[in-house]
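my_file_17.txt (compact mmCIF, C-alpha atoms)
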```txt
# COMPACT_ATOMS: atom_id res chain seq x y z
CA MET A 19 0.92 -12.27 -18.88
CA SER A 20 -1.07 -14.33 -16.40
CA GLN A 21 -4.64 -13.40 -15.63
CA THR A 22 -4.01 -13.28 -11.90
CA ILE A 23 -0.95 -12.27 -9.91
CA ASP A 24 -0.95 -14.24 -6.66
CA ILE A 25 1.00 -13.10 -3.61
CA HIS A 26 0.90 -15.12 -0.40
CA TYR A 27 1.90 -13.67 2.98
CA LYS A 28 2.60 -16.05 5.87
CA PHE A 29 3.48 -14.88 9.38
CA VAL A 30 5.18 -17.52 11.56
CA PHE A 31 5.48 -16.51 15.23
CA GLU A 32 8.08 -17.66 17.73
CA ASP A 33 5.56 -19.89 19.52
CA GLY A 34 4.91 -21.83 16.30
CA GLN A 35 1.58 -20.22 15.51
CA ASP A 36 1.13 -18.82 12.04
CA ARG A 37 -1.30 -16.71 10.06
CA SER A 38 -1.64 -16.42 6.31
CA TYR A 39 -3.14 -13.95 3.90
CA GLN A 40 -3.58 -14.43 0.17
CA ILE A 41 -3.58 -11.54 -2.30
CA ALA A 42 -4.79 -11.90 -5.90
CA ILE A 43 -4.29 -9.04 -8.35
CA ASP A 44 -6.07 -8.95 -11.70
CA GLY A 45 -3.38 -9.15 -14.37
CA GLU A 46 -5.19 -6.80 -16.76
CA SER A 47 -6.50 -4.03 -14.50
CA GLY A 48 -3.93 -4.25 -11.70
CA SER A 49 -6.80 -4.18 -9.19
CA LEU A 50 -7.23 -6.39 -6.16
CA VAL A 51 -9.49 -9.37 -6.75
CA PRO A 52 -12.07 -9.12 -3.94
CA GLN A 53 -12.17 -11.86 -1.36
CA LYS A 54 -15.40 -13.18 0.09
CA GLN A 55 -16.20 -10.33 2.44
CA LEU A 56 -17.02 -10.50 6.10
CA GLU A 57 -19.89 -8.31 7.25
CA LEU A 58 -18.68 -4.75 6.82
CA PRO A 59 -18.43 -2.72 10.05
CA ASP A 60 -19.49 0.90 10.37
CA TRP A 61 -15.93 2.23 10.11
CA THR A 62 -15.80 1.15 6.44
CA LYS A 63 -18.70 3.46 5.53
CA LEU A 64 -17.67 6.23 3.15
CA GLU A 65 -18.74 9.03 5.50
CA VAL A 66 -16.69 7.75 8.46
CA SER A 67 -13.36 9.61 8.66
CA LYS A 68 -13.89 10.46 5.00
CA CYS A 69 -10.80 11.83 3.27
CA SER A 70 -11.04 15.56 2.63
CA HIS A 71 -10.29 15.00 -1.07
CA CYS A 72 -12.52 11.95 -1.56
CA PRO A 73 -14.10 12.07 -5.06
CA TYR A 74 -16.96 9.71 -4.21
CA LYS A 75 -20.51 10.28 -2.99
CA VAL A 76 -22.22 8.01 -0.50
CA GLU A 77 -25.30 7.55 -2.69
CA ASN A 78 -23.10 5.97 -5.36
CA LEU A 79 -20.52 4.26 -3.15
CA PRO A 80 -21.68 3.57 0.42
CA HIS A 81 -18.33 2.18 1.61
CA CYS A 82 -14.74 3.37 1.21
CA PRO A 83 -13.08 1.01 -1.31
CA VAL A 84 -9.76 1.05 0.55
CA ALA A 85 -11.40 0.34 3.90
CA VAL A 86 -13.45 -2.50 2.41
CA ASN A 87 -10.34 -4.22 1.08
CA LEU A 88 -8.35 -3.65 4.28
CA HIS A 89 -11.15 -4.82 6.54
CA GLN A 90 -10.42 -8.53 6.35
CA ALA A 91 -6.67 -8.14 6.84
CA LEU A 92 -7.23 -5.79 9.77
CA ALA A 93 -9.66 -8.25 11.34
CA THR A 94 -7.05 -11.01 11.04
CA PHE A 95 -4.39 -9.09 12.97
CA LYS A 96 -6.41 -6.63 15.08
CA ASP A 97 -5.46 -8.14 18.45
CA GLU A 98 -1.75 -8.52 17.80
CA LEU A 99 0.98 -6.37 19.33
CA SER A 100 3.16 -4.46 16.90
CA TYR A 101 6.50 -5.52 18.38
CA ARG A 102 5.75 -9.26 18.23
CA SER A 103 8.55 -10.98 16.32
CA CYS A 104 7.76 -13.27 13.43
CA GLU A 105 9.22 -14.76 10.28
CA VAL A 106 7.37 -13.27 7.34
CA GLN A 107 7.36 -15.38 4.18
CA VAL A 108 6.12 -13.78 0.97
CA SER A 109 5.62 -16.09 -2.00
CA THR A 110 5.06 -15.07 -5.62
CA ALA A 111 5.20 -17.03 -8.87
CA ALA A 112 8.79 -15.89 -9.41
CA ARG A 113 10.35 -16.28 -5.95
CA THR A 114 9.90 -16.45 -2.18
CA TYR A 115 11.10 -13.79 0.24
CA SER A 116 11.66 -14.38 3.96
CA LYS A 117 12.69 -12.14 6.84
CA THR A 118 12.41 -12.15 10.63
CA ILE A 119 10.98 -8.79 11.66
CA SER A 120 8.34 -7.24 13.87
CA LEU A 121 4.73 -7.88 12.96
CA GLN A 122 4.08 -4.21 12.18
CA GLU A 123 6.90 -4.22 9.61
CA GLY A 124 5.44 -7.29 7.93
CA LEU A 125 1.94 -5.82 7.89
CA PHE A 126 3.27 -2.59 6.42
CA GLY A 127 4.04 -4.42 3.17
CA LEU A 128 0.77 -6.35 3.14
CA PHE A 129 -1.38 -3.29 3.85
CA GLY A 130 0.48 -1.22 1.26
CA LEU A 131 -0.19 -3.91 -1.33
CA ILE A 132 -3.90 -3.98 -0.50
CA MET A 133 -4.32 -0.20 -0.46
CA SER A 134 -2.45 0.42 -3.71
CA THR A 135 -4.63 -2.08 -5.60
CA SER A 136 -7.94 -0.82 -4.20
CA ALA A 137 -10.47 1.01 -6.36
CA CYS A 138 -9.54 4.47 -5.08
CA ALA A 139 -8.72 7.10 -7.70
CA HIS A 140 -5.92 8.50 -5.53
CA MET A 141 -4.14 5.14 -5.35
CA ASP A 142 -4.37 4.12 -9.03
CA PHE A 143 -0.87 5.31 -9.97
CA LEU A 144 0.63 2.87 -7.45
CA LYS A 145 -0.69 -0.22 -9.22
CA PRO A 146 2.53 -0.82 -11.24
CA MET A 147 4.48 -0.94 -7.96
CA ALA A 148 2.01 -3.46 -6.57
CA ARG A 149 2.34 -5.60 -9.70
CA TYR A 150 6.11 -5.76 -9.10
CA HIS A 151 5.78 -5.98 -5.33
CA LEU A 152 9.04 -5.93 -3.36
CA PRO A 153 8.52 -7.19 0.19
CA PHE A 154 10.57 -5.65 3.02
CA SER A 155 11.64 -2.74 0.84
CA THR A 156 13.66 -0.01 2.54
CA ALA A 157 12.74 3.65 2.36
CA GLU A 158 15.51 4.20 -0.21
CA GLU A 159 14.29 1.32 -2.38
CA THR A 160 10.73 2.63 -2.22
CA VAL A 161 11.81 6.09 -3.36
CA ILE A 162 13.88 4.68 -6.25
CA ARG A 163 11.23 2.19 -7.40
CA SER A 164 8.32 4.58 -7.20
CA THR A 165 10.12 7.38 -9.04
CA SER A 166 11.60 5.06 -11.68
CA LEU A 167 8.23 3.50 -12.52
CA TYR A 168 6.60 6.91 -12.75
CA LEU A 169 9.30 8.13 -15.15
CA LEU A 170 8.92 4.96 -17.23
CA LYS A 171 5.25 5.83 -17.60
CA GLN A 172 6.20 9.36 -18.69
CA LEU A 173 8.47 7.87 -21.37
CA MET A 174 5.55 5.82 -22.66
CA ILE A 175 3.33 8.91 -22.65
CA ALA A 176 5.95 10.86 -24.63
CA LYS A 177 6.37 8.07 -27.18
CA SER A 178 2.57 7.96 -27.57
CA GLY A 179 2.44 11.67 -28.43
CA GLY A 180 1.31 12.86 -25.01
CA VAL A 181 2.79 15.46 -22.69
CA PRO A 182 5.10 13.80 -20.13
CA ASP A 183 5.65 15.06 -16.59
CA TRP A 184 9.44 14.99 -16.59
CA ASP A 185 9.64 17.50 -13.71
CA LEU A 186 7.52 15.22 -11.48
CA LYS A 187 5.10 18.03 -10.62
CA ASN A 188 2.06 15.76 -10.85
CA PHE A 189 3.95 13.00 -9.05
CA SER A 190 4.45 15.18 -6.00
CA ALA A 191 0.77 16.10 -5.93
CA MET A 192 -0.19 12.42 -6.21
CA TYR A 193 1.83 11.49 -3.13
CA GLU A 194 0.32 14.34 -1.18
CA LYS A 195 -3.08 12.82 -1.94
CA VAL A 196 -1.83 9.39 -0.84
CA GLN A 197 -0.85 10.91 2.50
CA LEU A 198 -4.41 12.18 2.93
CA VAL A 199 -5.73 8.68 2.20
CA ASN A 200 -3.33 7.23 4.77
CA GLN A 201 -4.53 9.71 7.37
CA GLY A 202 -8.15 8.83 6.61
CA ILE A 203 -7.42 5.12 7.03
CA ILE A 204 -5.59 5.75 10.31
CA GLY A 205 -8.68 7.58 11.54
CA ARG A 206 -10.86 4.63 10.55
CA VAL A 207 -8.59 2.00 12.11
CA ARG A 208 -8.64 3.89 15.41
CA LYS A 209 -12.39 3.35 15.52
CA MET A 210 -11.91 -0.42 15.60
CA LYS A 211 -12.21 -2.23 18.91
CA THR A 212 -8.88 -3.99 19.19
CA LYS A 213 -6.52 -5.37 21.83
CA GLY A 214 -3.39 -4.83 19.76
CA ASP A 215 -1.72 -2.03 17.87
CA ALA A 216 0.06 -3.77 14.99
CA ASP A 217 -2.56 -2.77 12.43
CA GLN A 218 -2.53 0.92 13.35
CA ASN A 219 1.27 1.09 13.46
CA ALA A 220 1.59 -0.58 10.05
CA VAL A 221 -0.54 2.15 8.48
CA VAL A 222 1.50 4.80 10.29
CA ILE A 223 4.67 3.32 8.75
CA LEU A 224 3.03 3.50 5.33
CA ASP A 225 2.28 7.15 5.88
CA SER A 226 5.86 7.85 6.92
CA PHE A 227 7.12 6.33 3.66
CA ALA A 228 4.77 8.57 1.65
CA SER A 229 5.98 11.56 3.67
CA LEU A 230 9.60 10.63 2.95
CA LEU A 231 9.00 10.49 -0.79
CA SER A 232 7.28 13.90 -0.71
CA MET A 233 10.29 15.28 1.18
CA GLU A 234 12.76 13.84 -1.34
CA LEU A 235 10.79 15.41 -4.17
CA SER A 236 10.86 18.80 -2.47
CA GLN A 237 14.64 18.48 -2.04
CA ASP A 238 15.18 17.45 -5.67
CA PHE A 239 16.53 14.01 -4.60
CA GLN A 240 19.74 15.48 -3.18
CA ASN A 241 20.32 12.33 -1.11
CA TYR A 242 20.54 10.21 -4.27
CA LYS A 243 22.69 12.34 -6.57
CA SER A 244 25.94 10.67 -5.51
CA ILE A 245 24.52 7.33 -6.67
CA PHE A 246 23.71 8.47 -10.20
CA LEU A 247 26.07 11.39 -10.86
CA LYS A 248 29.79 10.64 -10.59
```
For the structure just supplied, provide its representation as C-alpha cells.
Amino acid sequence: MSQTIDIHYKFVFEDGQDRSYQIAIDGESGSLVPQKQLELPDWTKLEVSKCSHCPYKVENLPHCPVAVNLHQALATFKDELSYRSCEVQVSTAARTYSKTISLQEGLFGLFGLIMSTSACAHMDFLKPMARYHLPFSTAEETVIRSTSLYLLKQLMIAKSGGVPDWDLKNFSAMYEKVQLVNQGIIGRVRKMKTKGDADQNAVVILDSFASLLSMELSQDFQNYKSIFLK
C-alpha cells in the first residue's frame, strides 16, 4: 500500500478558467496530510461556533481541526456562486472521473473528503470511505458504501474476538454526531466574508446526506430491501 493517497480536484469553468486542489491522505493513518497553511482566521478558533459535543479544550487545541483543514479550500472558492457550471475532474492513481455539474456539487465531494480525513474524533469512522473516495456519488451510493464499510469493520471486529455492532446502533449515533459537526462548520463558514455562496451550500449538501443516512437507519433501510431481498 502506498504511503500517500493522492487525489486531485480540478474545476474547469465555461469561460476557460480553472482552479485546482490537491488532497494527500496518509496511507497508514488515513488522515489528511496538512498543506502549508495560510494564516488562520478567527473563525477557525475552537471556541467559535464550537460543536456542542466537541471533545477538545482550547488550552490543548486552539483551533478546530476540521476548520483548519477546510480553511484553504474555502478560501479558494469563497467568492464563487453555487450555481456556476463547471467540469469537475477528479484524478486518483487508479482512474480519473469527470462530470459537468454545478460548483456546489463539485465542492460537496471535495469538502467531504477533507472533513472526513481531519483529526476530529467524530469523523474518524469515515476515513475508510475517504480512502476509497467515490466522486459524484449519489445519495443511494453513499448510503450503501457507508453502511457496507461499517459492516465490514464489524466483521473484522468479530473475527478478532471483539463484540460487533451488527444492529448498527453505534453507527446511527456516529452519524448523528457528524450532523452536529456539519452544523458547527456551517456556523463557522457563515462568519466568513465572502461574495459567493458555493462553499456554504456545499456544506449544507453534506449535512443533507448525513441526515438521509440517519433517516434510512431509523427506517431499517426499507428503501433498499427490494435490491437485496428477492
Atomic distance atom CA of Met233 of chain A - atom CA of Tyr193 of chain A, expressed in Å with one decimal:
10.2 Å
Within 10 Å of segment 59-72 of chain A: each segment 80-142 of chain A residue with its shortest pair, all atoms listed in the file, as JSON lines:
```
{"residue": "A:Pro80", "atom": "CA", "partner": "A:Leu64", "partner_atom": "CA", "distance": 5.5}
{"residue": "A:His81", "atom": "CA", "partner": "A:Lys63", "partner_atom": "CA", "distance": 4.1}
{"residue": "A:Cys82", "atom": "CA", "partner": "A:Leu64", "partner_atom": "CA", "distance": 4.5}
{"residue": "A:Pro83", "atom": "CA", "partner": "A:Thr62", "partner_atom": "CA", "distance": 8.2}
{"residue": "A:Val84", "atom": "CA", "partner": "A:Thr62", "partner_atom": "CA", "distance": 8.4}
{"residue": "A:Ala85", "atom": "CA", "partner": "A:Thr62", "partner_atom": "CA", "distance": 5.1}
{"residue": "A:Val86", "atom": "CA", "partner": "A:Thr62", "partner_atom": "CA", "distance": 5.9}
{"residue": "A:Asn87", "atom": "CA", "partner": "A:Thr62", "partner_atom": "CA", "distance": 9.3}
{"residue": "A:Leu88", "atom": "CA", "partner": "A:Thr62", "partner_atom": "CA", "distance": 9.1}
{"residue": "A:His89", "atom": "CA", "partner": "A:Thr62", "partner_atom": "CA", "distance": 7.6}
{"residue": "A:Cys138", "atom": "CA", "partner": "A:Cys72", "partner_atom": "CA", "distance": 8.8}
{"residue": "A:Ala139", "atom": "CA", "partner": "A:Cys72", "partner_atom": "CA", "distance": 8.7}
{"residue": "A:His140", "atom": "CA", "partner": "A:Cys72", "partner_atom": "CA", "distance": 8.4}
```
Using all atoms listed in the file, which of A:Asn188, A:Leu92, A:Ile162, A:Leu131 sits nearest Lys209 of chain A?
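Residue with the minimum atom-to-atom distance to Lys209 of chain A: A:Leu92.
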Find, counting all atoms listed in the file, the residue in A:Leu79, A:Leu58, A:Ala157, A:Ile223 that gets nearest to Leu128 of chain A.
A:Ile223
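Across the structure, atom CA of Phe31 of chain A and atom CA of Thr118 of chain A are spaced 9.4 Å apart.
Among A:Thr22, A:Glu57, A:Asp97, A:Phe154, the residue with the shortest atom-to-atom distance to Met210 of chain A, counting all atoms listed in the file, is A:Asp97.
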So that I can see what lies close to Gln197 of chain A, please list as a ChimeraX atom specification the residues with an atom at most 10 Å from it, counting only C-alpha atoms and leaving out residues fewer than 3 positions away in the same chain.
/A:140,192-194,200-203,224-229,232
For atom CA of Asp36 of chain A and atom CA of Arg149 of chain A, the interatomic separation in Å (one decimal)
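Result for atom CA of Asp36 of chain A versus atom CA of Arg149 of chain A: 25.5 Å, one decimal.
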Nearest to Phe126 of chain A: which of A:Leu198, A:Lys145, A:Ser155, A:Glu105 is it, counting all atoms listed in the file?
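Nearest candidate to Phe126 of chain A out of A:Leu198, A:Lys145, A:Ser155, A:Glu105: A:Ser155.
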Report as a PDB file with C-alpha atoms, in the frame of the given file all protein, DNA and RNA residues lying within 10 Å of Ser47 of chain A, evaluated on all atoms listed in the file, omitting residues in the same chain fewer than 3 positions from it.
```
ATOM      1  CA  GLN A  21      -4.640 -13.400 -15.630  1.00  0.00           C
ATOM      2  CA  THR A  22      -4.010 -13.280 -11.900  1.00  0.00           C
ATOM      3  CA  ILE A  43      -4.290  -9.040  -8.350  1.00  0.00           C
ATOM      4  CA  ASP A  44      -6.070  -8.950 -11.700  1.00  0.00           C
ATOM      5  CA  LEU A  50      -7.230  -6.390  -6.160  1.00  0.00           C
ATOM      6  CA  VAL A  51      -9.490  -9.370  -6.750  1.00  0.00           C
ATOM      7  CA  THR A 135      -4.630  -2.080  -5.600  1.00  0.00           C
ATOM      8  CA  LYS A 145      -0.690  -0.220  -9.220  1.00  0.00           C
TER       9      LYS A 145
END
```
Which one is closest to Leu125 of chain A: A:Asp142, A:Glu234, A:Glu98, A:Asp185? Count all atoms listed in the file.
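Answer, going by the shortest atom-to-atom distance: A:Glu98.
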Which one is closest to Asp33 of chain A: A:Ser134, A:Gln122, A:Ile245, A:Ser103? Count all atoms listed in the file.
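Among the listed residues, A:Ser103 lies closest to Asp33 of chain A.
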With a distance cut-off of 12 Å and only C-alpha atoms, select the neighbouring residues of Phe143 of chain A, excluding the residue or stretch itself and same-chain residues fewer than 6 positions from it, and output the selection as a list in words.
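Non-adjacent residues within range: Ser47, Gly48, Ser49, Met133, Ser134, Thr135, Ser136, Ala137, Arg149, Ser164, Thr165, Leu167, Tyr168, Leu169, Lys171, Gln172, Asn188, Phe189, Ser190, Ala191, Met192, Tyr193, Lys195 and Val196 of chain A.
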Where atoms are missing, can you supply N, CA and C atoms for segment 113-129 of chain A and output the lot as a PDB file, in the coordinates of the input?
```pdb
ATOM      1  N   ARG A 113       9.412 -16.003  -7.039  1.00  0.00           N
ATOM      2  CA  ARG A 113      10.350 -16.280  -5.950  1.00  0.00           C
ATOM      3  C   ARG A 113       9.655 -16.176  -4.598  1.00  0.00           C
ATOM      4  N   THR A 114      10.388 -16.564  -3.550  1.00  0.00           N
ATOM      5  CA  THR A 114       9.900 -16.450  -2.180  1.00  0.00           C
ATOM      6  C   THR A 114      10.873 -15.587  -1.371  1.00  0.00           C
ATOM      7  N   TYR A 115      10.316 -14.656  -0.620  1.00  0.00           N
ATOM      8  CA  TYR A 115      11.100 -13.790   0.240  1.00  0.00           C
ATOM      9  C   TYR A 115      10.841 -14.193   1.694  1.00  0.00           C
ATOM     10  N   SER A 116      11.843 -14.034   2.555  1.00  0.00           N
ATOM     11  CA  SER A 116      11.660 -14.380   3.960  1.00  0.00           C
ATOM     12  C   SER A 116      12.520 -13.472   4.828  1.00  0.00           C
ATOM     13  N   LYS A 117      11.938 -13.009   5.933  1.00  0.00           N
ATOM     14  CA  LYS A 117      12.690 -12.140   6.840  1.00  0.00           C
ATOM     15  C   LYS A 117      12.061 -12.196   8.230  1.00  0.00           C
ATOM     16  N   THR A 118      12.902 -12.215   9.256  1.00  0.00           N
ATOM     17  CA  THR A 118      12.410 -12.150  10.630  1.00  0.00           C
ATOM     18  C   THR A 118      12.373 -10.699  11.075  1.00  0.00           C
ATOM     19  N   ILE A 119      11.194 -10.197  11.331  1.00  0.00           N
ATOM     20  CA  ILE A 119      10.980  -8.790  11.660  1.00  0.00           C
ATOM     21  C   ILE A 119       9.814  -8.676  12.640  1.00  0.00           C
ATOM     22  N   SER A 120       9.512  -7.457  13.028  1.00  0.00           N
ATOM     23  CA  SER A 120       8.340  -7.240  13.870  1.00  0.00           C
ATOM     24  C   SER A 120       7.079  -7.372  13.021  1.00  0.00           C
ATOM     25  N   LEU A 121       5.990  -7.696  13.686  1.00  0.00           N
ATOM     26  CA  LEU A 121       4.730  -7.880  12.960  1.00  0.00           C
ATOM     27  C   LEU A 121       4.320  -6.617  12.222  1.00  0.00           C
ATOM     28  N   GLN A 122       4.506  -5.450  12.835  1.00  0.00           N
ATOM     29  CA  GLN A 122       4.080  -4.210  12.180  1.00  0.00           C
ATOM     30  C   GLN A 122       4.848  -3.970  10.885  1.00  0.00           C
ATOM     31  N   GLU A 123       6.113  -4.372  10.839  1.00  0.00           N
ATOM     32  CA  GLU A 123       6.900  -4.220   9.610  1.00  0.00           C
ATOM     33  C   GLU A 123       6.389  -5.152   8.516  1.00  0.00           C
ATOM     34  N   GLY A 124       5.989  -6.352   8.902  1.00  0.00           N
ATOM     35  CA  GLY A 124       5.440  -7.290   7.930  1.00  0.00           C
ATOM     36  C   GLY A 124       4.099  -6.822   7.402  1.00  0.00           C
ATOM     37  N   LEU A 125       3.266  -6.294   8.301  1.00  0.00           N
ATOM     38  CA  LEU A 125       1.940  -5.820   7.890  1.00  0.00           C
ATOM     39  C   LEU A 125       2.030  -4.568   7.033  1.00  0.00           C
ATOM     40  N   PHE A 126       3.062  -3.781   7.230  1.00  0.00           N
ATOM     41  CA  PHE A 126       3.270  -2.590   6.420  1.00  0.00           C
ATOM     42  C   PHE A 126       3.279  -2.933   4.925  1.00  0.00           C
ATOM     43  N   GLY A 127       3.988  -3.995   4.570  1.00  0.00           N
ATOM     44  CA  GLY A 127       4.040  -4.420   3.170  1.00  0.00           C
ATOM     45  C   GLY A 127       2.709  -4.957   2.689  1.00  0.00           C
ATOM     46  N   LEU A 128       2.067  -5.762   3.515  1.00  0.00           N
ATOM     47  CA  LEU A 128       0.770  -6.350   3.140  1.00  0.00           C
ATOM     48  C   LEU A 128      -0.291  -5.261   2.972  1.00  0.00           C
ATOM     49  N   PHE A 129      -0.378  -4.350   3.925  1.00  0.00           N
ATOM     50  CA  PHE A 129      -1.380  -3.290   3.850  1.00  0.00           C
ATOM     51  C   PHE A 129      -1.126  -2.363   2.660  1.00  0.00           C
TER      52      PHE A 129
END
```
